[in-house]
file my_file.txt (compact mmCIF, C-alpha atoms and all ligand atoms)
# COMPACT_ATOMS: atom_id res chain seq x y z
CA MET A 476 77.63 93.59 100.79
CA SER A 477 76.81 97.31 101.00
CA TYR A 478 73.31 98.14 99.88
CA VAL A 479 73.59 101.95 99.91
CA SER A 480 76.26 104.45 99.01
CA GLU A 481 78.86 104.76 101.77
CA LYS A 482 78.59 108.57 101.33
CA SER A 483 74.87 108.64 101.93
CA GLY A 484 74.68 109.27 105.66
CA LYS A 485 76.54 109.88 108.92
CA ASP A 486 78.93 107.10 109.95
CA GLY A 487 78.26 105.31 106.67
CA LYS A 488 74.66 104.69 107.78
CA PRO A 489 72.02 105.27 105.14
CA SER A 490 70.13 108.55 105.33
CA TYR A 491 66.62 108.09 104.12
CA SER A 492 63.56 110.29 104.31
CA LYS A 493 60.34 109.01 102.80
CA GLY A 494 59.08 111.41 100.14
CA LEU A 495 62.44 113.25 100.50
CA GLU A 496 60.97 115.20 103.44
CA GLY A 497 63.52 117.73 104.65
CA VAL A 498 66.08 116.73 102.00
CA ILE A 499 67.95 119.56 100.27
CA ILE A 500 68.33 118.83 96.56
CA GLY A 501 70.15 121.94 95.38
CA GLU A 502 70.27 125.74 95.44
CA SER A 503 67.84 128.19 93.87
CA LYS A 504 67.26 131.94 93.69
CA LYS A 505 63.62 131.66 92.68
CA CYS A 506 61.51 131.18 95.75
CA PHE A 507 61.64 131.20 99.54
CA ILE A 508 59.06 129.57 101.82
CA ASP A 509 58.94 129.75 105.60
CA GLY A 510 56.37 127.07 106.30
CA GLU A 511 56.17 127.73 110.03
CA ARG A 512 55.02 131.32 109.62
CA GLY A 513 53.23 130.88 106.29
CA TYR A 514 55.58 133.15 104.32
CA LEU A 515 56.26 133.01 100.59
CA ALA A 516 58.42 135.25 98.39
CA TYR A 517 59.52 135.09 94.74
CA VAL A 518 63.15 136.25 94.38
CA GLY A 519 62.83 137.98 97.77
CA ILE A 520 59.53 139.81 97.10
CA PRO A 521 56.62 138.75 99.35
CA ILE A 522 53.74 137.16 97.46
CA GLU A 523 51.24 139.64 98.96
CA GLN A 524 53.14 142.55 97.36
CA LEU A 525 53.31 140.80 94.00
CA ALA A 526 49.60 139.95 94.07
CA GLU A 527 48.77 143.54 94.98
CA ASN A 528 51.07 145.44 92.64
CA SER A 529 52.55 143.26 89.93
CA THR A 530 51.41 141.58 86.73
CA TYR A 531 51.93 138.03 85.49
CA GLU A 532 54.30 139.29 82.78
CA GLU A 533 56.42 141.12 85.35
CA VAL A 534 56.49 138.02 87.56
CA CYS A 535 57.61 135.97 84.54
CA PHE A 536 60.51 138.39 84.01
CA LEU A 537 61.33 138.33 87.72
CA LEU A 538 61.49 134.54 87.83
CA LEU A 539 63.51 134.19 84.64
CA HIS A 540 65.96 137.04 85.40
CA ASP A 541 66.02 137.02 89.21
CA ARG A 542 65.16 140.75 89.32
CA LEU A 543 62.33 143.12 88.39
CA PRO A 544 62.49 144.65 84.90
CA THR A 545 62.84 148.32 84.04
CA GLU A 546 59.92 149.88 82.16
CA ARG A 547 61.67 149.41 78.84
CA GLU A 548 62.75 145.84 79.57
CA LEU A 549 59.18 144.93 80.49
CA ARG A 550 57.84 146.50 77.28
CA ASP A 551 60.31 144.52 75.14
CA PHE A 552 59.74 141.35 77.14
CA LYS A 553 55.97 141.56 76.65
CA LYS A 554 56.33 142.24 72.94
CA LEU A 555 58.45 139.14 72.49
CA LEU A 556 56.25 136.98 74.71
CA TYR A 557 53.05 138.05 72.93
CA SER A 558 54.58 137.39 69.51
CA TYR A 559 54.96 133.67 70.28
CA ARG A 560 51.32 132.92 71.11
CA GLU A 561 50.16 131.07 68.00
CA VAL A 562 50.67 127.30 67.80
CA PRO A 563 50.92 125.08 64.68
CA SER A 564 47.55 123.98 63.28
CA GLU A 565 48.58 120.37 63.99
CA VAL A 566 48.54 121.16 67.71
CA TYR A 567 44.91 122.31 67.50
CA SER A 568 44.20 119.09 65.59
CA ILE A 569 45.71 116.86 68.27
CA ILE A 570 43.71 118.70 70.93
CA ARG A 571 40.52 118.04 68.94
CA SER A 572 41.32 114.40 68.27
CA SER A 573 42.39 113.52 71.84
CA ALA A 574 39.39 115.36 73.34
CA ARG A 575 37.15 112.90 71.49
CA TYR A 576 38.33 110.15 73.85
CA GLY A 577 36.98 112.07 76.83
CA VAL A 578 40.34 112.12 78.64
CA HIS A 579 41.17 114.69 81.30
CA PRO A 580 42.33 118.10 80.01
CA MET A 581 45.67 117.58 81.79
CA ALA A 582 46.25 114.44 79.72
CA ILE A 583 45.48 116.45 76.57
CA LEU A 584 47.85 119.19 77.75
CA ARG A 585 50.66 116.68 78.33
CA LEU A 586 50.17 115.27 74.85
CA ALA A 587 49.88 118.68 73.16
CA VAL A 588 53.08 120.04 74.72
CA ASP A 589 54.95 116.89 73.74
CA TYR A 590 53.58 117.23 70.21
CA LEU A 591 54.56 120.92 70.10
CA SER A 592 58.21 119.91 70.49
CA ILE A 593 58.11 118.19 67.10
CA PHE A 594 57.59 121.57 65.42
CA ASP A 595 60.58 123.17 67.14
CA GLU A 596 63.63 122.51 64.99
CA GLU A 597 65.81 123.80 67.81
CA ALA A 598 64.27 121.60 70.48
CA GLU A 599 67.44 119.55 70.96
CA ILE A 600 69.91 122.47 71.01
CA ASN A 601 70.68 123.27 74.62
CA THR A 602 72.40 126.66 74.59
CA ASP A 603 71.57 129.35 77.19
CA ASN A 604 70.28 131.85 74.63
CA LEU A 605 68.17 129.38 72.72
CA ASN A 606 66.76 127.83 75.86
CA TYR A 607 65.70 131.27 77.08
CA ILE A 608 63.84 131.94 73.82
CA LYS A 609 62.35 128.45 73.89
CA ALA A 610 61.17 129.15 77.43
CA LEU A 611 59.36 132.33 76.32
CA ARG A 612 57.80 130.45 73.43
CA LEU A 613 56.66 127.67 75.72
CA ILE A 614 55.10 130.07 78.23
CA SER A 615 53.09 131.80 75.49
CA LYS A 616 52.13 128.67 73.62
CA LEU A 617 51.10 126.76 76.73
CA HIS A 618 48.59 129.55 77.43
CA THR A 619 47.14 129.06 73.94
CA ILE A 620 47.05 125.30 74.38
CA THR A 621 45.24 125.31 77.74
CA ALA A 622 42.64 127.84 76.61
CA SER A 623 42.06 125.85 73.40
CA ILE A 624 41.65 122.63 75.39
CA GLY A 625 39.07 124.45 77.52
CA ARG A 626 37.04 125.31 74.43
CA VAL A 627 37.42 122.02 72.60
CA ILE A 628 36.26 119.91 75.57
CA LYS A 629 33.07 122.00 75.55
CA GLY A 630 32.58 121.15 71.88
CA LEU A 631 33.66 124.61 70.69
CA GLU A 632 36.30 125.64 68.20
CA PRO A 633 39.54 127.21 69.50
CA VAL A 634 39.75 131.00 69.37
CA HIS A 635 43.09 132.23 68.07
CA PRO A 636 45.21 134.43 70.34
CA LEU A 637 45.38 138.22 70.19
CA GLU A 638 48.78 139.90 70.01
CA ASP A 639 48.17 143.16 71.82
CA VAL A 640 46.59 142.27 75.15
CA SER A 641 47.97 140.96 78.43
CA MET A 642 48.55 137.26 79.08
CA SER A 643 45.47 137.16 81.31
CA ALA A 644 43.16 139.06 78.95
CA ASN A 645 44.36 136.88 76.09
CA TRP A 646 43.74 133.63 77.99
CA LEU A 647 40.20 134.65 78.93
CA TRP A 648 39.60 135.81 75.35
CA MET A 649 40.76 132.47 73.96
CA TYR A 650 38.73 130.51 76.53
CA LYS A 651 35.49 132.48 76.38
CA GLY A 652 35.62 134.01 72.93
CA GLN A 653 34.95 137.46 74.36
CA LYS A 654 37.18 140.09 75.90
CA PRO A 655 37.14 140.06 79.71
CA SER A 656 36.22 143.02 81.91
CA GLU A 657 39.07 144.78 83.73
CA GLU A 658 38.00 143.08 86.95
CA GLU A 659 38.05 139.60 85.38
CA GLU A 660 41.46 140.25 83.81
CA ARG A 661 42.89 141.39 87.14
CA ILE A 662 41.47 138.44 89.07
CA PHE A 663 42.87 135.99 86.51
CA ASP A 664 46.22 137.77 86.62
CA ILE A 665 46.38 137.33 90.40
CA ILE A 666 45.53 133.63 89.99
CA LEU A 667 48.43 133.25 87.55
CA ILE A 668 50.81 135.19 89.82
CA LEU A 669 49.90 133.01 92.83
CA HIS A 670 50.53 129.82 90.86
CA ALA A 671 53.67 130.98 89.05
CA GLU A 672 56.27 129.42 91.32
CA HIS A 673 56.60 127.37 94.49
CA GLU A 674 60.10 126.14 95.19
CA ILE A 675 60.90 122.46 94.79
CA ASN A 676 57.42 120.93 94.74
CA ALA A 677 56.84 117.56 93.01
CA SER A 678 56.31 118.92 89.49
CA THR A 679 59.23 121.36 89.60
CA PHE A 680 61.47 118.67 91.04
CA SER A 681 60.37 116.34 88.22
CA ALA A 682 61.30 119.01 85.67
CA ARG A 683 64.74 119.53 87.24
CA VAL A 684 65.42 115.80 87.42
CA VAL A 685 64.47 115.24 83.79
CA VAL A 686 66.47 118.13 82.40
CA SER A 687 69.51 117.18 84.48
CA SER A 688 70.29 114.52 81.86
CA PHE A 689 70.67 117.39 79.36
CA THR A 690 67.61 116.26 77.49
CA ASP A 691 65.41 118.88 75.78
CA ILE A 692 63.34 121.28 77.87
CA TYR A 693 60.03 120.04 76.42
CA SER A 694 60.64 116.63 78.00
CA ALA A 695 61.11 118.32 81.37
CA VAL A 696 57.89 120.34 81.02
CA VAL A 697 55.93 117.25 79.95
CA ALA A 698 57.17 115.44 83.08
CA ALA A 699 56.12 118.41 85.22
CA ILE A 700 52.63 118.42 83.69
CA GLY A 701 52.30 114.71 84.43
CA SER A 702 53.26 115.30 88.04
CA LEU A 703 51.02 118.34 88.58
CA LYS A 704 48.03 116.37 87.32
CA GLY A 705 47.93 114.14 90.43
CA PRO A 706 45.34 114.66 93.21
CA LEU A 707 48.06 115.10 95.85
CA HIS A 708 49.46 118.05 93.87
CA GLY A 709 47.69 120.39 91.41
CA GLY A 710 44.76 118.04 90.85
CA ALA A 711 43.42 118.93 94.31
CA ASN A 712 41.76 122.18 93.15
CA GLU A 713 39.28 120.28 90.98
CA ASP A 714 38.64 117.80 93.81
CA VAL A 715 37.84 120.70 96.16
CA MET A 716 35.13 122.00 93.84
CA ASN A 717 33.70 118.50 93.41
CA MET A 718 33.64 118.19 97.21
CA LEU A 719 31.80 121.52 97.60
CA SER A 720 29.23 120.34 95.02
CA GLU A 721 28.80 117.02 96.81
CA ILE A 722 28.29 118.73 100.18
CA LYS A 723 25.63 120.96 98.58
CA ASP A 724 24.65 122.83 101.75
CA PRO A 725 26.69 124.35 104.61
CA SER A 726 24.64 122.33 107.12
CA ASN A 727 26.06 119.07 105.67
CA VAL A 728 29.71 120.05 106.18
CA GLU A 729 30.43 118.58 109.57
CA GLN A 730 28.94 115.16 108.84
CA TYR A 731 30.65 115.00 105.43
CA VAL A 732 34.10 115.92 106.72
CA ARG A 733 33.83 113.71 109.81
CA SER A 734 32.87 110.68 107.77
CA LYS A 735 35.64 111.28 105.24
CA LEU A 736 38.22 111.60 108.03
CA SER A 737 36.87 108.49 109.77
CA ARG A 738 37.55 106.57 106.56
CA LYS A 739 41.12 107.99 106.70
CA GLU A 740 40.49 109.94 103.50
CA LYS A 741 42.22 113.26 102.89
CA ILE A 742 40.25 116.50 102.58
CA PRO A 743 41.41 118.07 99.31
CA GLY A 744 42.86 121.57 99.57
CA PHE A 745 44.27 120.97 103.07
CA GLY A 746 47.73 120.08 104.29
CA HIS A 747 51.14 120.77 102.88
CA ARG A 748 54.59 119.27 103.20
CA VAL A 749 56.17 122.66 103.89
CA TYR A 750 53.43 124.93 105.31
CA LYS A 751 52.49 124.08 108.85
CA ASN A 752 50.49 127.29 108.98
CA TYR A 753 48.10 129.12 106.63
CA ASP A 754 49.35 129.03 103.03
CA PRO A 755 49.61 132.76 102.17
CA ARG A 756 48.25 132.08 98.67
CA ALA A 757 45.11 130.58 100.20
CA ALA A 758 44.71 133.70 102.36
CA ILE A 759 44.87 135.97 99.28
CA LEU A 760 42.40 133.81 97.34
CA LYS A 761 40.04 133.67 100.32
CA SER A 762 39.98 137.47 100.59
CA ILE A 763 39.25 137.77 96.86
CA ALA A 764 36.43 135.21 97.22
CA GLU A 765 35.05 137.18 100.18
CA LYS A 766 34.87 140.38 98.11
CA LEU A 767 33.22 138.53 95.21
CA ALA A 768 30.72 136.89 97.58
CA GLU A 769 29.31 140.33 98.42
CA LYS A 770 27.91 140.63 94.92
CA ASN A 771 27.65 137.06 93.62
CA SER A 772 25.28 134.55 95.24
CA ARG A 773 27.00 131.45 93.82
CA VAL A 774 30.38 132.53 95.19
CA LYS A 775 28.65 133.32 98.49
CA HIS A 776 27.20 129.80 98.59
CA TRP A 777 30.51 128.05 97.79
CA LEU A 778 32.35 130.25 100.24
CA GLU A 779 29.91 129.49 103.04
CA ILE A 780 30.54 125.78 102.59
CA GLY A 781 34.30 126.37 102.18
CA LYS A 782 34.55 128.45 105.35
CA ARG A 783 32.69 125.83 107.38
CA ILE A 784 35.09 123.14 106.17
CA GLU A 785 38.02 125.43 106.96
CA LYS A 786 36.73 126.12 110.50
CA PHE A 787 36.15 122.43 111.19
CA MET A 788 39.54 121.41 109.81
CA ILE A 789 41.49 124.09 111.67
CA GLU A 790 39.70 123.28 114.95
CA ASN A 791 40.27 119.56 114.53
CA MET A 792 43.47 119.27 112.49
CA GLY A 793 45.20 122.64 113.05
CA GLN A 794 47.32 121.22 115.87
CA LYS A 795 48.77 118.82 113.27
CA GLY A 796 49.71 121.78 111.07
CA ILE A 797 46.91 121.13 108.58
CA TYR A 798 45.56 124.35 107.06
CA PRO A 799 44.08 125.32 103.69
CA ASN A 800 46.55 125.27 100.82
CA VAL A 801 46.47 127.18 97.51
CA ASP A 802 44.00 124.72 96.03
CA PHE A 803 41.25 125.30 98.58
CA PHE A 804 39.81 128.69 97.57
CA SER A 805 41.18 128.94 94.01
CA GLY A 806 38.28 126.99 92.48
CA ILE A 807 35.69 129.29 94.04
CA VAL A 808 37.45 132.29 92.47
CA MET A 809 37.87 130.53 89.12
CA SER A 810 34.21 129.57 89.04
CA TYR A 811 33.34 133.28 89.36
CA LEU A 812 35.22 133.73 86.07
CA GLY A 813 32.99 131.10 84.44
CA ILE A 814 35.70 128.44 84.39
CA GLU A 815 34.61 124.84 84.82
CA PRO A 816 36.32 122.58 87.42
CA ARG A 817 37.99 120.32 84.80
CA MET A 818 40.02 123.37 83.78
CA PHE A 819 41.32 124.30 87.24
CA THR A 820 44.47 122.17 87.08
CA PRO A 821 45.31 123.27 83.51
CA ILE A 822 45.05 126.86 84.79
CA PHE A 823 47.45 125.97 87.59
CA ALA A 824 49.83 124.75 84.83
CA THR A 825 49.20 127.96 82.85
CA GLY A 826 50.57 129.98 85.77
CA ARG A 827 53.25 127.48 86.82
CA ILE A 828 54.83 127.05 83.38
CA VAL A 829 57.14 129.98 84.15
CA GLY A 830 58.24 128.51 87.48
CA TRP A 831 59.06 125.21 85.84
CA LEU A 832 61.06 126.92 83.11
CA ALA A 833 62.87 129.21 85.53
CA HIS A 834 64.00 126.12 87.45
CA ILE A 835 64.88 124.23 84.27
CA LEU A 836 67.14 127.09 83.10
CA GLU A 837 68.64 127.42 86.57
CA GLN A 838 69.35 123.68 86.65
CA LEU A 839 71.04 123.78 83.25
CA LYS A 840 73.30 126.68 84.30
CA ASP A 841 74.89 124.65 87.08
CA ASN A 842 73.96 121.10 86.28
CA ARG A 843 74.84 117.79 87.79
CA ILE A 844 72.71 114.81 86.86
CA PHE A 845 70.34 113.66 89.61
CA ARG A 846 71.31 110.17 90.62
CA PRO A 847 70.35 109.33 94.22
CA ARG A 848 70.39 105.84 95.74
CA ILE A 849 67.64 103.61 97.02
CA ILE A 850 67.85 101.15 99.90
CA TYR A 851 67.87 97.66 98.46
CA THR A 852 65.36 95.42 100.24
CA GLY A 853 65.38 92.42 97.89
CA PRO A 854 67.05 89.04 98.58
CA GLU A 855 70.80 88.80 99.13
CA GLU A 856 72.99 87.06 96.56
CA ILE A 857 71.22 83.93 95.33
CA ASN A 858 71.96 81.61 92.44
CA TYR A 859 70.06 81.55 89.19
CA VAL A 860 67.78 78.50 88.99
CA PRO A 861 67.07 77.05 85.51
CA ILE A 862 63.35 77.11 84.73
CA ASP A 863 62.91 73.31 84.70
CA GLN A 864 64.29 73.09 88.26
CA ARG A 865 61.94 75.67 89.78
CA SER A 866 59.10 74.39 91.93
N1 LIG B 901 43.11 115.75 105.15
C1 LIG B 901 43.19 114.97 106.24
N2 LIG B 901 44.35 114.60 106.82
C2 LIG B 901 45.47 115.05 106.26
C3 LIG B 901 45.47 115.88 105.13
C4 LIG B 901 44.23 116.25 104.58
N3 LIG B 901 44.15 117.02 103.51
N4 LIG B 901 46.73 116.17 104.79
C5 LIG B 901 47.52 115.54 105.67
N5 LIG B 901 46.76 114.85 106.57
C6 LIG B 901 47.24 114.03 107.68
C7 LIG B 901 47.64 112.64 107.18
O1 LIG B 901 46.58 111.74 107.21
C8 LIG B 901 48.76 112.29 108.13
O2 LIG B 901 48.16 111.91 109.32
P1 LIG B 901 48.85 110.76 110.25
O3 LIG B 901 50.18 111.32 110.67
O4 LIG B 901 47.88 110.58 111.37
O5 LIG B 901 48.98 109.55 109.37
C9 LIG B 901 49.45 113.63 108.38
O6 LIG B 901 48.43 114.61 108.17
C10 LIG B 901 50.62 113.89 107.44
O7 LIG B 901 50.13 113.76 106.10
P2 LIG B 901 51.02 113.25 104.90
O8 LIG B 901 50.11 112.81 103.79
O9 LIG B 901 52.05 112.29 105.36
O10 LIG B 901 51.75 114.61 104.49
P3 LIG B 901 52.64 114.86 103.21
O11 LIG B 901 53.54 115.97 103.55
O12 LIG B 901 53.23 113.59 102.72
O13 LIG B 901 51.57 115.30 102.10
C11 LIG B 901 49.93 116.57 101.01
C12 LIG B 901 51.20 116.60 101.84
C13 LIG B 901 50.10 115.63 99.83
C14 LIG B 901 49.65 117.95 100.49
C15 LIG B 901 48.75 116.10 101.90
O14 LIG B 901 48.52 117.05 102.93
C16 LIG B 901 47.48 115.86 101.12
O15 LIG B 901 47.30 114.76 100.57
N6 LIG B 901 46.56 116.88 101.03
C17 LIG B 901 45.34 116.75 100.25
C18 LIG B 901 45.63 116.95 98.78
C19 LIG B 901 45.99 118.40 98.47
O16 LIG B 901 45.33 119.33 98.90
N7 LIG B 901 47.05 118.57 97.68
C20 LIG B 901 47.50 119.89 97.23
C21 LIG B 901 48.77 120.27 97.93
S1 LIG B 901 49.28 121.90 97.48
C22 LIG B 901 49.85 121.71 95.94
O17 LIG B 901 50.38 120.73 95.54
C23 LIG B 901 49.62 122.77 95.06
call {"tool": "encode", "arguments": {"input": "my_file.txt", "output": "structure tokens"}}
result
Amino acid sequence: MSYVSEKSGKDGKPSYSKGLEGVIIGESKKCFIDGERGYLAYVGIPIEQLAENSTYEEVCFLLLHDRLPTERELRDFKKLLYSYREVPSEVYSIIRSSARYGVHPMAILRLAVDYLSIFDEEAEINTDNLNYIKALRLISKLHTITASIGRVIKGLEPVHPLEDVSMSANWLWMYKGQKPSEEEERIFDIILILHAEHEINASTFSARVVVSSFTDIYSAVVAAIGSLKGPLHGGANEDVMNMLSEIKDPSNVEQYVRSKLSRKEKIPGFGHRVYKNYDPRAAILKSIAEKLAEKNSRVKHWLEIGKRIEKFMIENMGQKGIYPNVDFFSGIVMSYLGIEPRMFTPIFATGRIVGWLAHILEQLKDNRIFRPRIIYTGPEEINYVPIDQRS
């Protein structure tokens, strides 16, 4: 009996890589990572240049169209995107009612996006044009949903979106109920740009797998949210901040990290399947945190602890290719903006929604259903035993 597909490896032998390490699952124009040198580019443009010069809206266009927009295209794109911000009142209601159970904001987000699909009469129609419009709607509405969750879990009422400000200014407005300063808007924009896309990570892969059955795109986004939520993926940013709070003082770092490692526990915000060098997004966030630390004592305190952990980890684990990832410094920067740790992963999703949708649309354009094999390790053919004859 053959337990794996005869096509699955050389000489008919099974090819298997735990966690699909090194396995190529398709082709994509969206993102390139060179993990050895710590290089990342969206559609060919290095992340450092995008963080320095671009905006989240422009990055959304880039990822959805595989090129930068002209001035006019960007103006029209923004107008359309901003016009989709409001969500049905029922979505605010489900956020309020699920928040009462004290569940994690990512669980509320998953539920709210699923619920949103009910109000889209075109949810099940999978044409290129409609899916593109649905993608824009989802990007805009997800921003409204995450900001509203952020308010409701603090016992506040949602603040409705504005139509004439950037995605970043609007998010901070909806979350805080006041317009952000230019500096805050720019910092948040960079956070969204850095989280917008990252090749075939677990959540993006989940989205591509789900949509490959030609189901609706909401189902794929809900799957991606569920995947991002985990502590090995987007959930690590919240864990990092909790770790910094637990450590309390830079002098406690070495003992804390040593004892965690001796218990074979992972240090959140470190390590990556692809990067075996410094994650370039972490480098950008660290330099922002360093600038903020010059004028903000809380950031200075968190950064002092963070840098000690980083030094210890690189000295002790660097030879294994373990360096800070995007989740390590992002929380310190987000806390400067007055955002609480529970909201860090929803903000990751707020940036990443465009990457998920760009991949979903790309998958649908040249689809083949994902259907790999698994090595069967159960018993060989055995006979059914009637229940009264079982010992
Ligand atoms: N702390 C301590 N040791 C680590 C860490 C870490 N953060 N990350 C990896 N290692 C060690 C492992 O213990 C393992 O050691 P071993 O070979 O002696 O057993 C080795 O490095 C390889 O680790 P794996 O877990 O097998 O690596 P994998 O590629 O499967 O996982 C992952 C990558 C999930 C990111 C892992 O490094 C990790 O759990 N990091 C902490 C959580 C985290 O920061 N996640 C966010 C990732 S970025 C993102 O999703 C946005």
call {"tool": "residues_around", "arguments": {"input": "my_file.txt", "residues": "Ser572 in chain A", "least_positions_apart": "2", "cutoff": "12 Å", "atoms": "all atoms listed in the file", "output": "JSON, numbers by chain"}}
result
{"A": [565, 566, 567, 568, 569, 570, 574, 575, 576, 577, 578, 583, 586, 587, 624, 627, 628, 630]}
call {"tool": "residues_around", "arguments": {"input": "my_file.txt", "residues": "Ile500 in chain A", "least_positions_apart": "5", "cutoff": "12 Å", "atoms": "all atoms listed in the file", "output": "list in words"}}
result
Leu495, Glu674, Ile675, Asn676, Thr679, Phe680, Ser681, Arg683, Val684, Gln838, Asn842, Arg843, Ile844, Phe845, Arg846 and Pro847 of chain A
call {"tool": "residues_around", "arguments": {"input": "my_file.txt", "residues": "range 693-710 of chain A", "least_positions_apart": "2", "cutoff": "10 Å", "atoms": "only C-alpha atoms", "output": "ChimeraX atom specification"}}
result
/A:579-582,584-593,595,598-599,609-610,613,670,676-691,712-715,741,743-744,746-747,801-802,817,819-824,827-828,831-832,835
call {"tool": "write_last_selection", "arguments": {"input": "my_file.txt", "atoms": "C-alpha atoms", "output": "mmCIF file, in the frame of the given file"}}
result
data_model
loop_
_atom_site.group_PDB
_atom_site.id
_atom_site.type_symbol
_atom_site.label_atom_id
_atom_site.label_comp_id
_atom_site.auth_asym_id
_atom_site.auth_seq_id
_atom_site.Cartn_x
_atom_site.Cartn_y
_atom_site.Cartn_z
ATOM 1 C CA HIS A 579 41.170 114.690 81.300
ATOM 2 C CA PRO A 580 42.330 118.100 80.010
ATOM 3 C CA MET A 581 45.670 117.580 81.790
ATOM 4 C CA ALA A 582 46.250 114.440 79.720
ATOM 5 C CA LEU A 584 47.850 119.190 77.750
ATOM 6 C CA ARG A 585 50.660 116.680 78.330
ATOM 7 C CA LEU A 586 50.170 115.270 74.850
ATOM 8 C CA ALA A 587 49.880 118.680 73.160
ATOM 9 C CA VAL A 588 53.080 120.040 74.720
ATOM 10 C CA ASP A 589 54.950 116.890 73.740
ATOM 11 C CA TYR A 590 53.580 117.230 70.210
ATOM 12 C CA LEU A 591 54.560 120.920 70.100
ATOM 13 C CA SER A 592 58.210 119.910 70.490
ATOM 14 C CA ILE A 593 58.110 118.190 67.100
ATOM 15 C CA ASP A 595 60.580 123.170 67.140
ATOM 16 C CA ALA A 598 64.270 121.600 70.480
ATOM 17 C CA GLU A 599 67.440 119.550 70.960
ATOM 18 C CA LYS A 609 62.350 128.450 73.890
ATOM 19 C CA ALA A 610 61.170 129.150 77.430
ATOM 20 C CA LEU A 613 56.660 127.670 75.720
ATOM 21 C CA HIS A 670 50.530 129.820 90.860
ATOM 22 C CA ASN A 676 57.420 120.930 94.740
ATOM 23 C CA ALA A 677 56.840 117.560 93.010
ATOM 24 C CA SER A 678 56.310 118.920 89.490
ATOM 25 C CA THR A 679 59.230 121.360 89.600
ATOM 26 C CA PHE A 680 61.470 118.670 91.040
ATOM 27 C CA SER A 681 60.370 116.340 88.220
ATOM 28 C CA ALA A 682 61.300 119.010 85.670
ATOM 29 C CA ARG A 683 64.740 119.530 87.240
ATOM 30 C CA VAL A 684 65.420 115.800 87.420
ATOM 31 C CA VAL A 685 64.470 115.240 83.790
ATOM 32 C CA VAL A 686 66.470 118.130 82.400
ATOM 33 C CA SER A 687 69.510 117.180 84.480
ATOM 34 C CA SER A 688 70.290 114.520 81.860
ATOM 35 C CA PHE A 689 70.670 117.390 79.360
ATOM 36 C CA THR A 690 67.610 116.260 77.490
ATOM 37 C CA ASP A 691 65.410 118.880 75.780
ATOM 38 C CA ASN A 712 41.760 122.180 93.150
ATOM 39 C CA GLU A 713 39.280 120.280 90.980
ATOM 40 C CA ASP A 714 38.640 117.800 93.810
ATOM 41 C CA VAL A 715 37.840 120.700 96.160
ATOM 42 C CA LYS A 741 42.220 113.260 102.890
ATOM 43 C CA PRO A 743 41.410 118.070 99.310
ATOM 44 C CA GLY A 744 42.860 121.570 99.570
ATOM 45 C CA GLY A 746 47.730 120.080 104.290
ATOM 46 C CA HIS A 747 51.140 120.770 102.880
ATOM 47 C CA VAL A 801 46.470 127.180 97.510
ATOM 48 C CA ASP A 802 44.000 124.720 96.030
ATOM 49 C CA ARG A 817 37.990 120.320 84.800
ATOM 50 C CA PHE A 819 41.320 124.300 87.240
ATOM 51 C CA THR A 820 44.470 122.170 87.080
ATOM 52 C CA PRO A 821 45.310 123.270 83.510
ATOM 53 C CA ILE A 822 45.050 126.860 84.790
ATOM 54 C CA PHE A 823 47.450 125.970 87.590
ATOM 55 C CA ALA A 824 49.830 124.750 84.830
ATOM 56 C CA ARG A 827 53.250 127.480 86.820
ATOM 57 C CA ILE A 828 54.830 127.050 83.380
ATOM 58 C CA TRP A 831 59.060 125.210 85.840
ATOM 59 C CA LEU A 832 61.060 126.920 83.110
ATOM 60 C CA ILE A 835 64.880 124.230 84.270
#
call {"tool": "residues_near_point", "arguments": {"input": "my_file.txt", "point": "(56.8, 147.7, 81.5)", "cutoff": "12 Å", "atoms": "all atoms listed in the file", "output": "JSON list (two decimals) with C-alpha atoms, in the frame of the given file"}}
result
[["chain", "number", "residue", "atom", "x", "y", "z"],
["A", 529, "SER", "CA", 52.55, 143.26, 89.93],
["A", 530, "THR", "CA", 51.41, 141.58, 86.73],
["A", 531, "TYR", "CA", 51.93, 138.03, 85.49],
["A", 532, "GLU", "CA", 54.30, 139.29, 82.78],
["A", 533, "GLU", "CA", 56.42, 141.12, 85.35],
["A", 534, "VAL", "CA", 56.49, 138.02, 87.56],
["A", 536, "PHE", "CA", 60.51, 138.39, 84.01],
["A", 543, "LEU", "CA", 62.33, 143.12, 88.39],
["A", 544, "PRO", "CA", 62.49, 144.65, 84.90],
["A", 545, "THR", "CA", 62.84, 148.32, 84.04],
["A", 546, "GLU", "CA", 59.92, 149.88, 82.16],
["A", 547, "ARG", "CA", 61.67, 149.41, 78.84],
["A", 548, "GLU", "CA", 62.75, 145.84, 79.57],
["A", 549, "LEU", "CA", 59.18, 144.93, 80.49],
["A", 550, "ARG", "CA", 57.84, 146.50, 77.28],
["A", 551, "ASP", "CA", 60.31, 144.52, 75.14],
["A", 552, "PHE", "CA", 59.74, 141.35, 77.14],
["A", 553, "LYS", "CA", 55.97, 141.56, 76.65],
["A", 554, "LYS", "CA", 56.33, 142.24, 72.94],
["A", 641, "SER", "CA", 47.97, 140.96, 78.43]]
call {"tool": "residues_around", "arguments": {"input": "my_file.txt", "residues": "Val808 in chain A", "least_positions_apart": "3", "cutoff": "8 Å", "atoms": "all atoms listed in the file", "output": "ChimeraX atom specification"}}
result
/A:760,763-764,774,804-805,811-812
call {"tool": "axis_aligned_box", "arguments": {"input": "my_file.txt", "around": "ligand LIG 901 (chain B)", "padding_each_side": "4 Å", "output": "AutoDock Vina command-line options"}}
result
--center_x 48.3 --center_y 116.2 --center_z 103.2 --size_x 18.4 --size_y 21.2 --size_z 24.3
